[in-house]
Every structure is written in structure tokens, then in C-alpha cells.
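File shown: work-v9.cif (mmCIF, N, CA and C atoms).
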data_input
loop_
_atom_site.label_atom_id
_atom_site.label_comp_id
_atom_site.auth_asym_id
_atom_site.auth_seq_id
_atom_site.Cartn_x
_atom_site.Cartn_y
_atom_site.Cartn_z
N LEU A 1 11.07 12.71 18.60
CA LEU A 1 10.28 12.28 17.48
C LEU A 1 10.32 13.33 16.35
N ALA A 2 10.24 14.60 16.71
CA ALA A 2 10.29 15.66 15.70
C ALA A 2 11.62 15.66 14.96
N VAL A 3 12.72 15.46 15.69
CA VAL A 3 14.04 15.41 15.06
C VAL A 3 14.15 14.21 14.14
N TYR A 4 13.67 13.06 14.61
CA TYR A 4 13.70 11.85 13.79
C TYR A 4 12.92 12.07 12.49
N ARG A 5 11.71 12.61 12.61
CA ARG A 5 10.87 12.80 11.43
C ARG A 5 11.52 13.74 10.42
N GLU A 6 12.11 14.82 10.92
CA GLU A 6 12.78 15.75 10.01
C GLU A 6 13.93 15.07 9.29
N HIS A 7 14.74 14.31 10.03
CA HIS A 7 15.86 13.59 9.43
C HIS A 7 15.35 12.53 8.45
N TYR A 8 14.32 11.81 8.83
CA TYR A 8 13.78 10.76 7.97
C TYR A 8 13.27 11.34 6.66
N LEU A 9 12.57 12.46 6.72
CA LEU A 9 12.05 13.06 5.50
C LEU A 9 13.16 13.52 4.57
N SER A 10 14.23 14.06 5.13
CA SER A 10 15.30 14.59 4.28
C SER A 10 16.34 13.55 3.90
N HIS A 11 16.41 12.44 4.61
CA HIS A 11 17.44 11.44 4.32
C HIS A 11 16.89 10.02 4.23
N GLY A 12 16.38 9.52 5.33
CA GLY A 12 15.99 8.12 5.43
C GLY A 12 14.89 7.68 4.49
N ALA A 13 13.92 8.53 4.25
CA ALA A 13 12.79 8.15 3.40
C ALA A 13 13.24 7.78 1.99
N LEU A 14 14.32 8.38 1.55
CA LEU A 14 14.79 8.12 0.19
C LEU A 14 15.94 7.12 0.15
N ASP A 15 16.29 6.56 1.30
CA ASP A 15 17.31 5.51 1.36
C ASP A 15 16.64 4.15 1.19
N SER A 16 15.90 4.04 0.12
CA SER A 16 15.18 2.81 -0.15
C SER A 16 15.34 2.50 -1.63
N ALA A 17 14.88 1.33 -2.00
CA ALA A 17 14.91 0.95 -3.41
C ALA A 17 13.52 0.45 -3.79
N MET A 18 13.12 0.76 -4.99
CA MET A 18 11.84 0.29 -5.48
C MET A 18 11.97 -1.19 -5.83
N PHE A 19 10.99 -1.99 -5.42
CA PHE A 19 11.00 -3.40 -5.77
C PHE A 19 10.88 -3.51 -7.29
N PRO A 20 11.73 -4.30 -7.93
CA PRO A 20 11.68 -4.44 -9.39
C PRO A 20 10.30 -4.90 -9.87
N GLY A 21 9.75 -4.15 -10.81
CA GLY A 21 8.47 -4.49 -11.41
C GLY A 21 7.28 -3.80 -10.79
N ILE A 22 7.44 -3.20 -9.62
CA ILE A 22 6.27 -2.59 -8.98
C ILE A 22 5.74 -1.42 -9.80
N ASP A 23 6.64 -0.70 -10.48
CA ASP A 23 6.18 0.40 -11.33
C ASP A 23 5.32 -0.11 -12.48
N VAL A 24 5.69 -1.24 -13.06
CA VAL A 24 4.92 -1.85 -14.15
C VAL A 24 3.55 -2.28 -13.64
N VAL A 25 3.53 -2.89 -12.47
CA VAL A 25 2.27 -3.36 -11.89
C VAL A 25 1.33 -2.18 -11.62
N LEU A 26 1.84 -1.15 -10.96
CA LEU A 26 1.00 0.00 -10.64
C LEU A 26 0.49 0.69 -11.90
N ARG A 27 1.35 0.85 -12.88
CA ARG A 27 0.94 1.48 -14.15
C ARG A 27 -0.15 0.63 -14.83
N THR A 28 0.04 -0.68 -14.85
CA THR A 28 -0.92 -1.57 -15.50
C THR A 28 -2.28 -1.53 -14.79
N LEU A 29 -2.27 -1.58 -13.47
CA LEU A 29 -3.52 -1.52 -12.71
C LEU A 29 -4.22 -0.17 -12.91
N HIS A 30 -3.42 0.89 -12.91
CA HIS A 30 -3.97 2.23 -13.12
C HIS A 30 -4.60 2.34 -14.51
N GLU A 31 -3.89 1.85 -15.53
CA GLU A 31 -4.40 1.91 -16.90
C GLU A 31 -5.63 1.04 -17.08
N ALA A 32 -5.78 0.00 -16.24
CA ALA A 32 -6.96 -0.86 -16.30
C ALA A 32 -8.16 -0.20 -15.62
N GLY A 33 -7.92 0.96 -14.99
CA GLY A 33 -9.01 1.70 -14.37
C GLY A 33 -9.34 1.28 -12.95
N LEU A 34 -8.48 0.52 -12.33
CA LEU A 34 -8.75 0.12 -10.95
C LEU A 34 -8.47 1.28 -10.01
N PRO A 35 -9.43 1.62 -9.16
CA PRO A 35 -9.15 2.67 -8.16
C PRO A 35 -8.17 2.12 -7.14
N MET A 36 -7.20 2.92 -6.76
CA MET A 36 -6.18 2.44 -5.84
C MET A 36 -5.83 3.49 -4.79
N SER A 37 -5.58 2.98 -3.60
CA SER A 37 -5.08 3.79 -2.51
C SER A 37 -4.02 2.98 -1.79
N THR A 38 -3.04 3.67 -1.25
CA THR A 38 -2.16 2.99 -0.32
C THR A 38 -2.92 2.79 0.98
N ALA A 39 -2.44 1.90 1.81
CA ALA A 39 -2.95 1.71 3.16
C ALA A 39 -1.72 1.37 4.00
N THR A 40 -0.85 2.34 4.11
CA THR A 40 0.44 2.11 4.73
C THR A 40 0.45 2.54 6.19
N SER A 41 1.28 1.86 6.95
CA SER A 41 1.46 2.24 8.36
C SER A 41 2.38 3.44 8.49
N LYS A 42 3.07 3.80 7.42
CA LYS A 42 3.89 5.02 7.44
C LYS A 42 2.96 6.23 7.52
N PRO A 43 3.37 7.29 8.17
CA PRO A 43 2.59 8.53 8.09
C PRO A 43 2.49 8.98 6.62
N GLU A 44 1.43 9.67 6.29
CA GLU A 44 1.18 10.03 4.89
C GLU A 44 2.25 10.93 4.28
N THR A 45 2.81 11.84 5.05
CA THR A 45 3.81 12.74 4.46
C THR A 45 5.02 11.98 3.94
N PRO A 46 5.70 11.14 4.75
CA PRO A 46 6.83 10.41 4.18
C PRO A 46 6.41 9.41 3.10
N ALA A 47 5.23 8.83 3.22
CA ALA A 47 4.78 7.90 2.18
C ALA A 47 4.66 8.64 0.85
N THR A 48 4.13 9.85 0.88
CA THR A 48 4.00 10.65 -0.34
C THR A 48 5.37 11.04 -0.89
N VAL A 49 6.29 11.41 -0.01
CA VAL A 49 7.65 11.76 -0.44
C VAL A 49 8.29 10.58 -1.17
N ILE A 50 8.15 9.39 -0.63
CA ILE A 50 8.75 8.20 -1.25
C ILE A 50 8.09 7.92 -2.60
N LEU A 51 6.77 7.94 -2.65
CA LEU A 51 6.08 7.69 -3.93
C LEU A 51 6.42 8.75 -4.97
N ASP A 52 6.49 10.01 -4.55
CA ASP A 52 6.90 11.08 -5.46
C ASP A 52 8.31 10.84 -6.00
N HIS A 53 9.20 10.45 -5.11
CA HIS A 53 10.61 10.22 -5.48
C HIS A 53 10.72 9.18 -6.60
N TYR A 54 9.89 8.15 -6.54
CA TYR A 54 9.95 7.08 -7.53
C TYR A 54 8.96 7.27 -8.69
N GLY A 55 8.27 8.40 -8.70
CA GLY A 55 7.33 8.69 -9.78
C GLY A 55 6.10 7.80 -9.77
N LEU A 56 5.67 7.36 -8.59
CA LEU A 56 4.55 6.44 -8.48
C LEU A 56 3.25 7.07 -7.98
N THR A 57 3.31 8.28 -7.48
CA THR A 57 2.14 8.89 -6.85
C THR A 57 0.95 8.95 -7.79
N GLY A 58 1.18 9.25 -9.05
CA GLY A 58 0.09 9.41 -10.01
C GLY A 58 -0.71 8.16 -10.28
N TYR A 59 -0.21 7.01 -9.89
CA TYR A 59 -0.95 5.77 -10.10
C TYR A 59 -2.03 5.56 -9.03
N PHE A 60 -1.96 6.32 -7.96
CA PHE A 60 -2.89 6.16 -6.85
C PHE A 60 -3.93 7.27 -6.85
N ASP A 61 -5.16 6.90 -6.52
CA ASP A 61 -6.20 7.90 -6.31
C ASP A 61 -5.94 8.63 -5.00
N PHE A 62 -5.45 7.88 -4.01
CA PHE A 62 -5.16 8.46 -2.69
C PHE A 62 -3.93 7.82 -2.09
N VAL A 63 -3.18 8.61 -1.35
CA VAL A 63 -2.10 8.10 -0.52
C VAL A 63 -2.65 8.13 0.90
N THR A 64 -3.01 6.96 1.39
CA THR A 64 -3.59 6.85 2.73
C THR A 64 -2.59 6.11 3.61
N GLY A 65 -2.37 6.66 4.77
CA GLY A 65 -1.47 6.04 5.73
C GLY A 65 -1.83 6.47 7.12
N ALA A 66 -0.93 6.21 8.02
CA ALA A 66 -1.11 6.73 9.37
C ALA A 66 -1.16 8.25 9.25
N SER A 67 -1.96 8.87 10.09
CA SER A 67 -2.00 10.33 10.06
C SER A 67 -0.68 10.86 10.61
N ASP A 68 -0.28 12.02 10.13
CA ASP A 68 1.00 12.57 10.57
C ASP A 68 1.05 12.79 12.08
N ASP A 69 -0.12 13.00 12.70
CA ASP A 69 -0.15 13.16 14.15
C ASP A 69 -0.32 11.82 14.87
N GLU A 70 -0.39 10.74 14.10
CA GLU A 70 -0.51 9.36 14.57
C GLU A 70 -1.80 9.07 15.33
N VAL A 71 -2.79 9.93 15.20
CA VAL A 71 -4.10 9.62 15.77
C VAL A 71 -4.67 8.39 15.04
N ARG A 72 -4.44 8.34 13.72
CA ARG A 72 -4.81 7.17 12.93
C ARG A 72 -3.52 6.40 12.68
N SER A 73 -3.31 5.30 13.42
CA SER A 73 -2.08 4.55 13.22
C SER A 73 -2.32 3.04 13.15
N ALA A 74 -3.40 2.54 13.73
CA ALA A 74 -3.70 1.12 13.64
C ALA A 74 -4.03 0.76 12.19
N LYS A 75 -3.56 -0.38 11.72
CA LYS A 75 -3.78 -0.77 10.32
C LYS A 75 -5.27 -0.82 9.98
N ALA A 76 -6.10 -1.32 10.87
CA ALA A 76 -7.54 -1.36 10.59
C ALA A 76 -8.10 0.04 10.36
N ASP A 77 -7.60 1.03 11.09
CA ASP A 77 -8.04 2.41 10.91
C ASP A 77 -7.56 2.98 9.58
N VAL A 78 -6.35 2.61 9.18
CA VAL A 78 -5.81 3.08 7.89
C VAL A 78 -6.61 2.47 6.75
N VAL A 79 -6.92 1.19 6.83
CA VAL A 79 -7.72 0.53 5.80
C VAL A 79 -9.10 1.19 5.72
N ALA A 80 -9.71 1.45 6.87
CA ALA A 80 -11.02 2.11 6.89
C ALA A 80 -10.96 3.47 6.21
N GLU A 81 -9.91 4.23 6.47
CA GLU A 81 -9.78 5.56 5.87
C GLU A 81 -9.56 5.46 4.35
N ALA A 82 -8.77 4.49 3.92
CA ALA A 82 -8.56 4.30 2.47
C ALA A 82 -9.89 3.97 1.79
N LEU A 83 -10.65 3.07 2.37
CA LEU A 83 -11.95 2.71 1.80
C LEU A 83 -12.90 3.91 1.81
N ARG A 84 -12.89 4.68 2.89
CA ARG A 84 -13.76 5.85 3.00
C ARG A 84 -13.43 6.86 1.90
N ARG A 85 -12.14 7.12 1.70
CA ARG A 85 -11.74 8.09 0.67
C ARG A 85 -12.14 7.63 -0.72
N LEU A 86 -11.90 6.36 -1.02
CA LEU A 86 -12.27 5.83 -2.33
C LEU A 86 -13.77 5.92 -2.56
N GLU A 87 -14.54 5.51 -1.55
CA GLU A 87 -15.99 5.56 -1.69
C GLU A 87 -16.50 6.98 -1.82
N ALA A 88 -15.94 7.91 -1.04
CA ALA A 88 -16.35 9.32 -1.11
C ALA A 88 -16.06 9.91 -2.49
N ALA A 89 -15.08 9.37 -3.17
CA ALA A 89 -14.75 9.85 -4.52
C ALA A 89 -15.61 9.16 -5.59
N GLY A 90 -16.51 8.30 -5.15
CA GLY A 90 -17.42 7.65 -6.09
C GLY A 90 -16.96 6.31 -6.62
N HIS A 91 -15.91 5.76 -6.06
CA HIS A 91 -15.41 4.46 -6.52
C HIS A 91 -16.18 3.33 -5.86
N ASP A 92 -16.34 2.25 -6.58
CA ASP A 92 -16.97 1.04 -6.06
C ASP A 92 -15.96 0.35 -5.13
N VAL A 93 -16.32 0.21 -3.88
CA VAL A 93 -15.43 -0.45 -2.91
C VAL A 93 -16.03 -1.77 -2.44
N SER A 94 -16.89 -2.35 -3.26
CA SER A 94 -17.54 -3.60 -2.87
C SER A 94 -16.63 -4.82 -2.99
N ARG A 95 -15.54 -4.70 -3.74
CA ARG A 95 -14.62 -5.84 -3.93
C ARG A 95 -13.16 -5.40 -3.76
N PRO A 96 -12.82 -4.81 -2.62
CA PRO A 96 -11.43 -4.36 -2.44
C PRO A 96 -10.49 -5.53 -2.18
N VAL A 97 -9.22 -5.29 -2.41
CA VAL A 97 -8.16 -6.24 -2.11
C VAL A 97 -7.00 -5.44 -1.54
N LEU A 98 -6.36 -5.97 -0.53
CA LEU A 98 -5.17 -5.33 0.02
C LEU A 98 -3.97 -6.22 -0.30
N VAL A 99 -2.91 -5.64 -0.79
CA VAL A 99 -1.65 -6.35 -0.99
C VAL A 99 -0.76 -5.97 0.17
N GLY A 100 -0.34 -6.97 0.93
CA GLY A 100 0.47 -6.68 2.11
C GLY A 100 1.48 -7.78 2.40
N ASP A 101 2.42 -7.45 3.26
CA ASP A 101 3.49 -8.41 3.55
C ASP A 101 3.67 -8.69 5.04
N ARG A 102 2.77 -8.20 5.86
CA ARG A 102 2.92 -8.41 7.31
C ARG A 102 1.58 -8.84 7.91
N LEU A 103 1.67 -9.47 9.06
CA LEU A 103 0.49 -9.95 9.76
C LEU A 103 -0.48 -8.82 10.07
N HIS A 104 0.06 -7.64 10.42
CA HIS A 104 -0.86 -6.53 10.72
C HIS A 104 -1.64 -6.07 9.49
N ASP A 105 -1.10 -6.29 8.29
CA ASP A 105 -1.85 -6.01 7.06
C ASP A 105 -3.04 -6.96 6.97
N VAL A 106 -2.78 -8.24 7.21
CA VAL A 106 -3.83 -9.26 7.14
C VAL A 106 -4.91 -8.98 8.18
N GLU A 107 -4.49 -8.75 9.40
CA GLU A 107 -5.45 -8.51 10.48
C GLU A 107 -6.24 -7.22 10.27
N GLY A 108 -5.56 -6.16 9.86
CA GLY A 108 -6.24 -4.88 9.65
C GLY A 108 -7.24 -4.94 8.50
N ALA A 109 -6.91 -5.66 7.45
CA ALA A 109 -7.82 -5.81 6.32
C ALA A 109 -9.02 -6.67 6.70
N HIS A 110 -8.76 -7.74 7.44
CA HIS A 110 -9.85 -8.66 7.81
C HIS A 110 -10.90 -7.99 8.68
N VAL A 111 -10.53 -6.99 9.47
CA VAL A 111 -11.51 -6.25 10.28
C VAL A 111 -12.61 -5.70 9.37
N HIS A 112 -12.28 -5.38 8.14
CA HIS A 112 -13.23 -4.78 7.20
C HIS A 112 -13.67 -5.75 6.11
N GLY A 113 -13.35 -7.04 6.29
CA GLY A 113 -13.74 -8.04 5.31
C GLY A 113 -12.98 -7.96 4.01
N VAL A 114 -11.81 -7.34 4.04
CA VAL A 114 -11.00 -7.16 2.83
C VAL A 114 -10.03 -8.33 2.69
N PRO A 115 -10.08 -9.05 1.56
CA PRO A 115 -9.12 -10.13 1.35
C PRO A 115 -7.72 -9.57 1.08
N VAL A 116 -6.73 -10.38 1.41
CA VAL A 116 -5.34 -9.95 1.29
C VAL A 116 -4.57 -10.89 0.36
N VAL A 117 -3.78 -10.29 -0.52
CA VAL A 117 -2.80 -11.01 -1.32
C VAL A 117 -1.46 -10.78 -0.64
N PHE A 118 -0.79 -11.87 -0.29
CA PHE A 118 0.47 -11.76 0.44
C PHE A 118 1.62 -11.48 -0.52
N ALA A 119 2.40 -10.45 -0.21
CA ALA A 119 3.56 -10.06 -1.00
C ALA A 119 4.79 -10.77 -0.44
N GLU A 120 5.15 -11.90 -1.04
CA GLU A 120 6.28 -12.69 -0.56
C GLU A 120 7.60 -11.94 -0.62
N TRP A 121 7.70 -10.96 -1.51
CA TRP A 121 8.95 -10.22 -1.67
C TRP A 121 9.17 -9.20 -0.56
N GLY A 122 8.19 -9.01 0.26
CA GLY A 122 8.27 -8.00 1.31
C GLY A 122 9.03 -8.48 2.54
N TYR A 123 8.75 -7.86 3.66
CA TYR A 123 9.52 -8.08 4.87
C TYR A 123 8.96 -9.14 5.80
N GLY A 124 7.75 -9.61 5.54
CA GLY A 124 7.13 -10.59 6.41
C GLY A 124 7.67 -11.99 6.22
N SER A 125 7.43 -12.82 7.20
CA SER A 125 7.81 -14.23 7.11
C SER A 125 6.67 -15.01 6.47
N PRO A 126 6.95 -16.19 5.93
CA PRO A 126 5.89 -16.99 5.32
C PRO A 126 4.72 -17.27 6.28
N ALA A 127 4.98 -17.37 7.57
CA ALA A 127 3.92 -17.62 8.54
C ALA A 127 2.90 -16.48 8.58
N GLU A 128 3.32 -15.28 8.18
CA GLU A 128 2.42 -14.13 8.21
C GLU A 128 1.41 -14.15 7.07
N ALA A 129 1.55 -15.11 6.15
CA ALA A 129 0.63 -15.22 5.03
C ALA A 129 -0.65 -15.97 5.41
N GLU A 130 -0.71 -16.51 6.59
CA GLU A 130 -1.90 -17.26 7.00
C GLU A 130 -3.13 -16.35 6.95
N GLY A 131 -4.17 -16.85 6.32
CA GLY A 131 -5.40 -16.09 6.21
C GLY A 131 -5.51 -15.26 4.95
N THR A 132 -4.50 -15.31 4.09
CA THR A 132 -4.56 -14.56 2.84
C THR A 132 -5.22 -15.40 1.75
N VAL A 133 -5.71 -14.76 0.71
CA VAL A 133 -6.41 -15.47 -0.36
C VAL A 133 -5.49 -15.90 -1.49
N ALA A 134 -4.32 -15.30 -1.57
CA ALA A 134 -3.36 -15.63 -2.61
C ALA A 134 -2.00 -15.11 -2.16
N SER A 135 -0.99 -15.55 -2.89
CA SER A 135 0.38 -15.14 -2.57
C SER A 135 1.10 -14.84 -3.87
N ALA A 136 1.92 -13.79 -3.86
CA ALA A 136 2.67 -13.40 -5.05
C ALA A 136 4.16 -13.39 -4.71
N ALA A 137 4.95 -14.13 -5.47
CA ALA A 137 6.38 -14.22 -5.21
C ALA A 137 7.11 -12.93 -5.58
N SER A 138 6.59 -12.21 -6.56
CA SER A 138 7.21 -10.96 -7.01
C SER A 138 6.09 -9.99 -7.38
N PRO A 139 6.42 -8.70 -7.51
CA PRO A 139 5.38 -7.76 -7.92
C PRO A 139 4.66 -8.16 -9.21
N LEU A 140 5.40 -8.61 -10.21
CA LEU A 140 4.77 -8.96 -11.49
C LEU A 140 3.78 -10.12 -11.35
N ASP A 141 3.97 -10.96 -10.31
CA ASP A 141 3.03 -12.06 -10.08
C ASP A 141 1.67 -11.57 -9.59
N LEU A 142 1.56 -10.29 -9.24
CA LEU A 142 0.27 -9.73 -8.85
C LEU A 142 -0.69 -9.59 -10.03
N LEU A 143 -0.14 -9.35 -11.22
CA LEU A 143 -1.01 -9.04 -12.35
C LEU A 143 -2.02 -10.14 -12.67
N PRO A 144 -1.62 -11.42 -12.78
CA PRO A 144 -2.64 -12.44 -13.05
C PRO A 144 -3.61 -12.65 -11.89
N ILE A 145 -3.22 -12.27 -10.69
CA ILE A 145 -4.11 -12.38 -9.53
C ILE A 145 -5.13 -11.24 -9.53
N LEU A 146 -4.67 -10.03 -9.77
CA LEU A 146 -5.53 -8.85 -9.68
C LEU A 146 -6.26 -8.55 -10.98
N LEU A 147 -5.70 -8.99 -12.10
CA LEU A 147 -6.33 -8.79 -13.42
C LEU A 147 -6.41 -10.12 -14.16
N PRO A 148 -7.16 -11.07 -13.62
CA PRO A 148 -7.15 -12.42 -14.23
C PRO A 148 -7.64 -12.45 -15.67
N ASP A 149 -8.55 -11.55 -16.05
CA ASP A 149 -9.06 -11.55 -17.41
C ASP A 149 -8.06 -11.02 -18.42
N ALA A 150 -7.05 -10.29 -17.95
CA ALA A 150 -6.04 -9.73 -18.85
C ALA A 150 -4.89 -10.69 -19.09
N ALA A 151 -4.80 -11.71 -18.24
CA ALA A 151 -3.65 -12.64 -18.33
C ALA A 151 -3.82 -13.61 -19.48
#

Translate this structure into C-alpha cells?
Amino acid sequence: LAVYREHYLSHGALDSAMFPGIDVVLRTLHEAGLPMSTATSKPETPATVILDHYGLTGYFDFVTGASDDEVRSAKADVVAEALRRLEAAGHDVSRPVLVGDRLHDVEGAHVHGVPVVFAEWGYGSPAEAEGTVASAASPLDLLPILLPDAA
């Protein structure tokens, strides 16, 4: 596992591509003043490396993910930690939304009463969208869902 993680950080983590438009969405949400945290199943260190690589880290108040020691790895635990961090920083967490593309995103968010917008462009199958409040075909389709008054 240690060898894999070292290799992943130096090579694999950056062998990805940013979904077209996600930078625009994150910048727009950030400029609208919405507090944001990731709630990723990736450990926080590689998640931060990837976000830094694409210049996206500054749009988030927190990068929350699985703990590097994997003590926190269940999606419900990651969502709880993201909410805890946002609330501890003084943000209103009474109306959170999670954008996710897998069933574990939906299930983990629902443990905390958090509605989910399904990211159709992600890796999940359409069946994994069951129980979500909305669906977005592309990143840019998130904007009218998350900022309806701006549309």
C-alpha cells in the first residue's frame, strides 16, 4: 500500500483530466459565496494534489476526504467531517447539497439528510441516481440547479 500510494502521488494522481466546465462551475459557486468542501473517498493528500494541479483548490473552503490513514473512509463519515469542518468555520450547513456520481455518494449523504445532485458525466450508472433530487448531464448544468436565482 505504501508503494502504491507513493507511485500514485507522483504519477497516477495526475493521470487524469478535468471535466470540461468544472472550473467555471467551481469559480461561479465560489464567487457566489457558497461555502464548499469536497467529500471524496480519495484520501485527502492525493485529492489536494489533484486539485492543486488543476488550480481548483482555492475554490474550496476545505478539502475533505478519506483520512490518509483510512480511519475515516466510509462516505457517510467523510460527509460528516465535511459538514463538521464547514460548521466549525462558521458556515451555515442547514441546506447542504452533495454532487456525486455513485451510489455510495447518495447513501453516505442520505445518512446525514443531505440531498444529492447526480453527476451524469461521472463514473456511475443511471441506476445509481435513484434517490437523488436532481440530475446534471454536464458540470455546467449544475449552475441552474445550485444557483437557480442566478439563471

For this session: Taking the chain letters and numbering used in this document, name the residues of chain A that DSSP puts in alpha helix (DSSP H), as a ChimeraX atom specification.
Result: /A:2-10,22-31,44-53,75-88,103-110,142-146

Exercise. What does the distance from atom N of Ala66 in chain A to atom N of Arg84 in chain A come to in Å, to one decimal?
Worked result: 13.1 Å

Exercise. How many Å separate CA of Tyr123 in chain A from atom N of Asp149 in chain A?
Worked result: 27.9 Å

Exercise. Could you name the residues that touch Pro46 in chain A at 8 Å or less, counting only N, CA and C atoms, but leaving out those on the same chain fewer than 3 positions away, as a ChimeraX atom specification?
Worked result: /A:8-9,13,42-43,49-52,68

For this session: With the file shown as input, list the residues that the PyMOL selection byres ((chain A and resi 135) around 6) selects, as number ranges by chain.
Result: A: 117-120, 133-134, 136-137

Seminar exercise, completed: In terms of all atoms listed in the file, the residue from A:Ala74, A:Leu143, A:Thr40, A:Asp23 at minimal distance from Gly55 in chain A is A:Asp23

Problem set entry | Atom pair atom C of Thr64 in chain A / atom N of Thr132 in chain A: separation (Å) |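 Answer for the atom C of Thr64 in chain A to atom N of Thr132 in chain A separation: 21.5 Å.
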
Problem set entry | strand (DSSP E or B) per DSSP on the backbone: members of range 15-105 of chain A, as a PyMOL selection string | chain A and resi 37+40-43+62+65-66+98-100

Exercise. Hey, what comes out of the PyMOL selection byres (((chain A and resi 78 and name CA) around 8) and name CA) on this file? Could you write it as a PyMOL selection string?
Worked result: chain A and resi 39-41+64-66+72-77+79-82

Mind dumping the selected residues with N, CA and C atoms as a compact mmCIF listing (two decimals), in the frame of the given file?
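Final output, saved to selection30.txt:
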# COMPACT_ATOMS: atom_id res chain seq x y z
N ALA A 39 -2.44 1.90 1.81
CA ALA A 39 -2.95 1.71 3.16
C ALA A 39 -1.72 1.37 4.00
N THR A 40 -0.85 2.34 4.11
CA THR A 40 0.44 2.11 4.73
C THR A 40 0.45 2.54 6.19
N SER A 41 1.28 1.86 6.95
CA SER A 41 1.46 2.24 8.36
C SER A 41 2.38 3.44 8.49
N THR A 64 -3.01 6.96 1.39
CA THR A 64 -3.59 6.85 2.73
C THR A 64 -2.59 6.11 3.61
N GLY A 65 -2.37 6.66 4.77
CA GLY A 65 -1.47 6.04 5.73
C GLY A 65 -1.83 6.47 7.12
N ALA A 66 -0.93 6.21 8.02
CA ALA A 66 -1.11 6.73 9.37
C ALA A 66 -1.16 8.25 9.25
N ARG A 72 -4.44 8.34 13.72
CA ARG A 72 -4.81 7.17 12.93
C ARG A 72 -3.52 6.40 12.68
N SER A 73 -3.31 5.30 13.42
CA SER A 73 -2.08 4.55 13.22
C SER A 73 -2.32 3.04 13.15
N ALA A 74 -3.40 2.54 13.73
CA ALA A 74 -3.70 1.12 13.64
C ALA A 74 -4.03 0.76 12.19
N LYS A 75 -3.56 -0.38 11.72
CA LYS A 75 -3.78 -0.77 10.32
C LYS A 75 -5.27 -0.82 9.98
N ALA A 76 -6.10 -1.32 10.87
CA ALA A 76 -7.54 -1.36 10.59
C ALA A 76 -8.10 0.04 10.36
N ASP A 77 -7.60 1.03 11.09
CA ASP A 77 -8.04 2.41 10.91
C ASP A 77 -7.56 2.98 9.58
N VAL A 79 -6.92 1.19 6.83
CA VAL A 79 -7.72 0.53 5.80
C VAL A 79 -9.10 1.19 5.72
N ALA A 80 -9.71 1.45 6.87
CA ALA A 80 -11.02 2.11 6.89
C ALA A 80 -10.96 3.47 6.21
N GLU A 81 -9.91 4.23 6.47
CA GLU A 81 -9.78 5.56 5.87
C GLU A 81 -9.56 5.46 4.35
N ALA A 82 -8.77 4.49 3.92
CA ALA A 82 -8.56 4.30 2.47
C ALA A 82 -9.89 3.97 1.79

For this session: Would you list the contacts of Leu83 in chain A as a ChimeraX atom specification, taking every protein, DNA or RNA residue within 12 Å and counting only C-alpha atoms, but skipping same-chain residues closer than 3 positions in sequence?
Result: /A:35-39,61-65,76-80,86-98,109,112-114

Exercise. Which residues, written as an MDAnalysis selection string, have at least one atom at most 12 Å from Glu31 in chain A, with only C-alpha atoms counted and residues fewer than 2 positions away on the same chain left out?
Worked result: chainID A and resid 24:29 33:36 58:60 147 150

Find the residues near Glu130 in chain A: any atom within 8 Å, counting only N, CA and C atoms, skip ones fewer than 4 places away on the same chain, and give them as an mmCIF file with N, CA and C atoms, in the frame of the given file.
data_model
loop_
_atom_site.group_PDB
_atom_site.id
_atom_site.type_symbol
_atom_site.label_atom_id
_atom_site.label_comp_id
_atom_site.auth_asym_id
_atom_site.auth_seq_id
_atom_site.Cartn_x
_atom_site.Cartn_y
_atom_site.Cartn_z
ATOM 1 N N LEU A 103 1.670 -9.470 9.060
ATOM 2 C CA LEU A 103 0.490 -9.950 9.760
ATOM 3 C C LEU A 103 -0.480 -8.820 10.070
ATOM 4 N N VAL A 106 -2.780 -8.240 7.210
ATOM 5 C CA VAL A 106 -3.830 -9.260 7.140
ATOM 6 C C VAL A 106 -4.910 -8.980 8.180
ATOM 7 N N PHE A 118 -0.790 -11.870 -0.290
ATOM 8 C CA PHE A 118 0.470 -11.760 0.440
ATOM 9 C C PHE A 118 1.620 -11.480 -0.520
ATOM 10 N N SER A 125 7.430 -12.820 7.200
ATOM 11 C CA SER A 125 7.810 -14.230 7.110
ATOM 12 C C SER A 125 6.670 -15.010 6.470
ATOM 13 N N PRO A 126 6.950 -16.190 5.930
ATOM 14 C CA PRO A 126 5.890 -16.990 5.320
ATOM 15 C C PRO A 126 4.720 -17.270 6.280
#
